[in-house]
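K.L.:
This is the structure I have questions about; it appears just below.
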Amino acid sequence: MRFFKLLGALLALSAAFAVGVWRGWLPLPAEWNPWSPLDVRSSPNLLTRYKLGRLQDDPELCDQVLKPSGLRVSNQADPPADAACPLRNTLRVQGADVALSSSFLASCPLAVAFALFERHSLQPAAQAVFGQAVTRVDHLGSFACRNMYNRVEGRLSQHASANALDIAGFRLADGRSISVLKDWSGEGDSARFLRQVRDGACDDFNVVLSPDYNAAHRNHSHLDMG
């Protein structure tokens, strides 16, 4: 009986704390307040995935979060509801200070996760290993209306909802190219950089698959918000 009384008291205190934070009676730093918009300039933390999830069906909040990110995006019209792979609230990502091999379609969570990745994972890894910035990201695309691994039957891929991006390599400020296909299995700085980037991406995306996952990913790292 004493245990249940203690549990009830803890639940009541937790509820009161949550209401206090929500009402603004108990101020918290924005990055630790679950109701504050995500700030891509702050390092990811335990609330980042929750805040990313809030963006999917809230275009106004998405615009608010992306505004200070430096990422150039344009809103895309939704396709017909009867499309084989209907998209909602989709953006076209066109790059930022770091260029892209081409623009790509993205759900809002994917676009914001990419902004987090570029700022907090990719560029710090490049500075740590090479002492210079990444100037371009080479990718294999994001949207593809297909099942996982192009199977005839089975679950739709996260690519079918523009919720995944396949990154194939990077260009450094000195013009050097880093290729996932050519450099992943090496022993030098390029391989070390690719592994640091992969490990950092795990803070920004929900799923990260690299060449050591299976042969289908030998030439890219798959990043998604599924």
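A note on labels: chains of the structure tokens are A, B, ... as shown, every chain counts residues from 1, and ligands are counted from 1 in their shown order.
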Find the spatial neighbours of Pro34 of chain A, counting only C-alpha atoms, within a cut-off of 9 Å - ignore same-chain residues fewer than 3 positions away - and output them as a list in words.
P.N.:
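These residues fall inside the cut-off: Val21, Trp22, Ala30, Glu31, Pro37, Leu38, Leu47, Thr48, Tyr50 and Lys51 of chain A.
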K.L.:
What's around segment 164-174 of chain A at 7 Å? Count only C-alpha atoms, leave out sequence neighbours fewer than 4 positions away in its own chain, and write the answer as a list of chain:residue names.
P.N.:
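In the requested format, the answer is A:Leu110, A:Gln132, A:Ala133, A:Val134, A:Thr135, A:Arg136, A:Val137, A:Asp138, A:His139, A:Leu140, A:Gly141, A:Ser142, A:Gln158, A:His159, A:Ile178, A:Ser179, A:Val180, A:Asn219, A:His220, A:Ser221, A:His222, A:Leu223, A:Asp224, A:Met225.
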K.L.:
I need the residues of segment 39-141 of chain A that end up classed as alpha helix (DSSP H) by DSSP on the backbone, written out as a ChimeraX atom specification.
P.N.:
/A:48-53,59-66,108-117,123-130
K.L.:
Tell me, as a PyMOL selection string, which residues lie within 10 Å of Leu55 of chain A, counting only C-alpha atoms; anything in the same chain fewer than 3 positions away does not count.
P.N.:
chain A and resi 37-38+50-52+58-65+89+107-110+112
K.L.:
Quote the spacing between atom CA of Trp184 of chain A and atom CA of Pro211 of chain A in Å to one decimal place.
P.N.:
7.4 Å
K.L.:
Would you please extract all strand (DSSP E or B) residues from segment 68-117 of chain A, as assigned by DSSP on the backbone, and give them as a PyMOL selection string?
P.N.:
chain A and resi 72-75+90-95+99-100+104-107
K.L.:
What's the separation between atom CA of Ala125 of chain A and atom CA of Leu194 of chain A, in Å to one decimal place?
P.N.:
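Atom CA of Leu194 of chain A lies at a distance of 8.6 Å from atom CA of Ala125 of chain A.
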K.L.:
For Gly226 of chain A, which residue out of A:Arg49, A:Arg192, A:His120, A:Arg72 is the nearest one, using only C-alpha atoms?
P.N.:
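Once distances to Gly226 of chain A are computed over only C-alpha atoms, the minimum belongs to A:Arg49.
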K.L.:
Looking at only C-alpha atoms, which of A:Leu156, A:Cys202, A:Val197, A:Ala126 is the one that sits closest to Arg176 of chain A?
P.N.:
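For Arg176 of chain A, the nearest of the given residues is A:Ala126.
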K.L.:
So which residues touch Pro68 of chain A within 9 Å, counting only C-alpha atoms, skipping near sequence neighbours fewer than 5 positions away, as an mmCIF file with C-alpha atoms, in the first residue's frame?
P.N.:
```
data_model
loop_
_atom_site.group_PDB
_atom_site.id
_atom_site.type_symbol
_atom_site.label_atom_id
_atom_site.label_comp_id
_atom_site.auth_asym_id
_atom_site.auth_seq_id
_atom_site.Cartn_x
_atom_site.Cartn_y
_atom_site.Cartn_z
ATOM 1 C CA ASP A 39 16.498 25.228 -32.535
ATOM 2 C CA VAL A 40 18.913 23.707 -35.042
ATOM 3 C CA ARG A 41 21.679 25.916 -33.672
#
```
K.L.:
For atom CA of Arg155 of chain A and atom CA of Asp212 of chain A, quote the distance in Å rounded to one decimal.
P.N.:
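Interatomic distance, atom CA of Arg155 of chain A to atom CA of Asp212 of chain A: 22.6 Å.
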K.L.:
Skip Ala96 of chain A itself and residues of its chain fewer than 3 positions away, then list as an mmCIF file with N, CA, C and O atoms, in the first residue's frame all residues within 9 Å of it, counting only C-alpha atoms.
P.N.:
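See part_10.cif below for the written result:
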```cif
data_model
loop_
_atom_site.group_PDB
_atom_site.id
_atom_site.type_symbol
_atom_site.label_atom_id
_atom_site.label_comp_id
_atom_site.auth_asym_id
_atom_site.auth_seq_id
_atom_site.Cartn_x
_atom_site.Cartn_y
_atom_site.Cartn_z
ATOM 1 N N SER A 69 17.975 28.231 -39.786
ATOM 2 C CA SER A 69 18.894 27.126 -40.059
ATOM 3 C C SER A 69 19.896 27.434 -41.156
ATOM 4 O O SER A 69 20.951 26.792 -41.253
ATOM 5 N N GLY A 70 19.566 28.392 -42.032
ATOM 6 C CA GLY A 70 20.422 28.669 -43.180
ATOM 7 C C GLY A 70 20.164 27.752 -44.359
ATOM 8 O O GLY A 70 20.753 27.932 -45.430
ATOM 9 N N LEU A 71 19.274 26.763 -44.180
ATOM 10 C CA LEU A 71 18.975 25.823 -45.261
ATOM 11 C C LEU A 71 17.980 26.463 -46.228
ATOM 12 O O LEU A 71 16.952 27.005 -45.811
ATOM 13 N N ARG A 72 18.282 26.403 -47.507
ATOM 14 C CA ARG A 72 17.378 26.948 -48.513
ATOM 15 C C ARG A 72 16.391 25.863 -48.940
ATOM 16 O O ARG A 72 16.801 24.798 -49.409
ATOM 17 N N VAL A 93 14.854 20.684 -50.821
ATOM 18 C CA VAL A 93 16.049 21.201 -50.164
ATOM 19 C C VAL A 93 17.074 21.554 -51.229
ATOM 20 O O VAL A 93 17.430 20.709 -52.059
ATOM 21 N N ALA A 99 27.063 23.038 -50.432
ATOM 22 C CA ALA A 99 26.301 22.788 -51.652
ATOM 23 C C ALA A 99 25.851 21.333 -51.703
ATOM 24 O O ALA A 99 26.317 20.484 -50.941
ATOM 25 N N LEU A 100 24.934 21.055 -52.606
ATOM 26 C CA LEU A 100 24.440 19.702 -52.846
ATOM 27 C C LEU A 100 24.728 19.319 -54.286
ATOM 28 O O LEU A 100 24.724 20.178 -55.178
ATOM 29 N N ALA A 115 19.788 19.650 -41.614
ATOM 30 C CA ALA A 115 20.400 20.890 -41.125
ATOM 31 C C ALA A 115 21.163 20.634 -39.828
ATOM 32 O O ALA A 115 22.273 21.154 -39.637
#
```
